[in-house]
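Each remark here refers to the structure printed beneath this line.
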Amino acid sequence: MSTINHVLVTGGAGYIGSHTVVELIEAGNKVTVVDNLSRSEYKIIEGIETITGTKIDFHKMDCLDAEALHKLFSQNKFSSVIHFAAFKSVNESVAKPLSYYKNNVGSLIVLLDVMKTHDVKDLIFSSSCTVYGQPDQIPVDESAPFKKAESPYGSTKQVCEQILEEVATEGFRVVSLRYFNPIGAHPSALIGELPIGVPNNLVPYVTQTAAEVRKALTIFGNDYNTSDGSCVRDFIHVSDVAGAHVKAIDYVNKQSKSFYEAFNLGTGIGVSVLELVKKFMAVTGIRLNYSIGPRRPGDVEKVYANPEKIHKAFGWQTKYDLGQSLLHAWEWEKKLRDI
Ligand code: UDP
């Protein structure tokens, strides 16, 4: 007889977290969400409730608050935790490295300590392909070594993975998912990304330019050693990323011993920045105002996943292609702006 999982999702009001909560509920899991709403808004929780027709057990809470977490763990018997709560801006991390270490590394340590006290052993951790830097071999697989991180943000992900690998021996069962470039939004356009200020990431910048919130998109460099000179990335629909977390819970549940394992979470398809911009124009019919600018410091030339390991271990595949991902991103932008 299978029991229902009760999953604690930290950062569940965030971009990937909120989409994962939807997928978890739709797969029949019980979910509790904590989020300090420092980088999101309560309307995202309401969006999840509308999509799933389920009242969300939501707690406005900071993962650095050990006392509050202990209380929550005493009141619930969680079967597993998915830890999304973290800062994710590369630029901001360069300006405020200490706050990135405190929030990203500090909250993981607090969480692990609370989990250990309450005998909750299963954890899925949000990592990033940034741990690889510019890999020597592409597509990159999980055996590629960590290169020196380009930013304190990337460094926090490397440090967290290292902590998890060592701490897992204390009885934890841990999966790190190394995200490539999540884009798009839920097909309902009820939840999506809420960038703060001027977006750093490509797709929110594209959709804001299309919505005429930004005058023009700058493509950072066309002199890279790629087919059209622009950088190459592995763009993956956020709902596909979310779906992999549901599979990760099943995978962890099946293990009998403590372990630590990292998985690439990408499509395996390399797409250039220019190709993405052209695809956006083709699927939306919008003529995007863009120009070529200088390279952005810290950008790697080309990175995309070898997703074989996750395909085999989780039986997971993507459902959405690039065109659908971009259309869903645009639908969400229109909803945000009442267009
Ligand atoms: N990019 C761009 N213009 C922008 C934002 C991003 O040309 O306004 C490029 C960036 O140089 C990189 C790619 O788009 O090659 C993806 O950048 P993003 O910040 O979305 O993700 P990253 O791969 O850096 O994590």
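Every chain in the structure tokens has a letter given in the order shown (A, B, ...), and although residue numbers restart at 1 in each chain, ligands are simply numbered from 1 in the order shown.
Secondary structure from DSSP on the backbone puts strand (DSSP E or B) at the following positions of stretch 28-150 of chain A: Lys30, Val31, Thr32, Val33, Val34, Asp35, Asp57, Phe58, His59, Lys60, Ser80, Val81, Ile82, His83, Asp122, Leu123, Ile124, Phe125, Ser126, Ser127, Ser128 and Val140 of chain A.
Look at A:Tyr290: the protein and nucleic acid residues within 8 Å of it, using only C-alpha atoms and passing over chain neighbours fewer than 3 places away, are Ala216, Leu217, Thr218 and Ile219 of chain A.
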Close residues to ligand 1 using only C-alpha atoms and all ligand atoms, limit 10 Å, as a count of residues only = 58
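The neighbours of A:Ala313 here are the residues that come within 9 Å of it, using only C-alpha atoms and leaving out any residue fewer than 4 positions away in the same chain; they are A:Ala248, A:Tyr251, A:Glu308, A:Lys309.
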Test item, helix (DSSP H, G or I) assignment across stretch 34-270 of chain A, answer as a PyMOL selection string | chain A and resi 42-52+66-75+90-95+97-117+129-132+152-170+202-210+238-254
Residues at most 10 Å from A:Glu193, counting only C-alpha atoms, excluding those fewer than 6 positions away in the same chain, as a ChimeraX atom specification?
-> /A:13-16,18-19,40,44,183-186,204,238,329,332-333,336
If you measure from atom CA of A:Tyr153 to atom CA of A:Asn264, what distance in Å do you get, rounded to one decimal?
-> 18.1 Å
Residue neighbourhood A:Asp321, 10 Å, only C-alpha atoms, exclusion window fewer than 3 positions, as a VMD selection string | chain A and resid 235 to 237 240 267 318 324 to 326
Kindly indicate which residue among A:Lys148, A:Lys279, A:Lys247, A:Lys60 lies nearest to A:Ile124, using only C-alpha atoms for the distances.
-> A:Lys247
Hey, which of A:Leu288, A:Leu123, A:Val213, A:Ile163 ends up closest to A:Lys334? Count only C-alpha atoms.
-> A:Val213
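Close contacts of A:Thr117, defined as residues with an atom at most 12 Å away when counting only C-alpha atoms, with chain neighbours fewer than 4 positions off set aside, comprise A:Ala66, A:Leu69, A:His70, A:Lys71, A:Phe73, A:Ser74, A:Val110, A:Leu111, A:Leu112, A:Asp113, A:Lys121, A:Glu170, A:Gly171, A:Phe172.
If only C-alpha atoms are the atoms counted, then among A:Ser188, A:Met115, A:Phe280, A:Lys96 the closest residue to A:Ser239 is A:Ser188.
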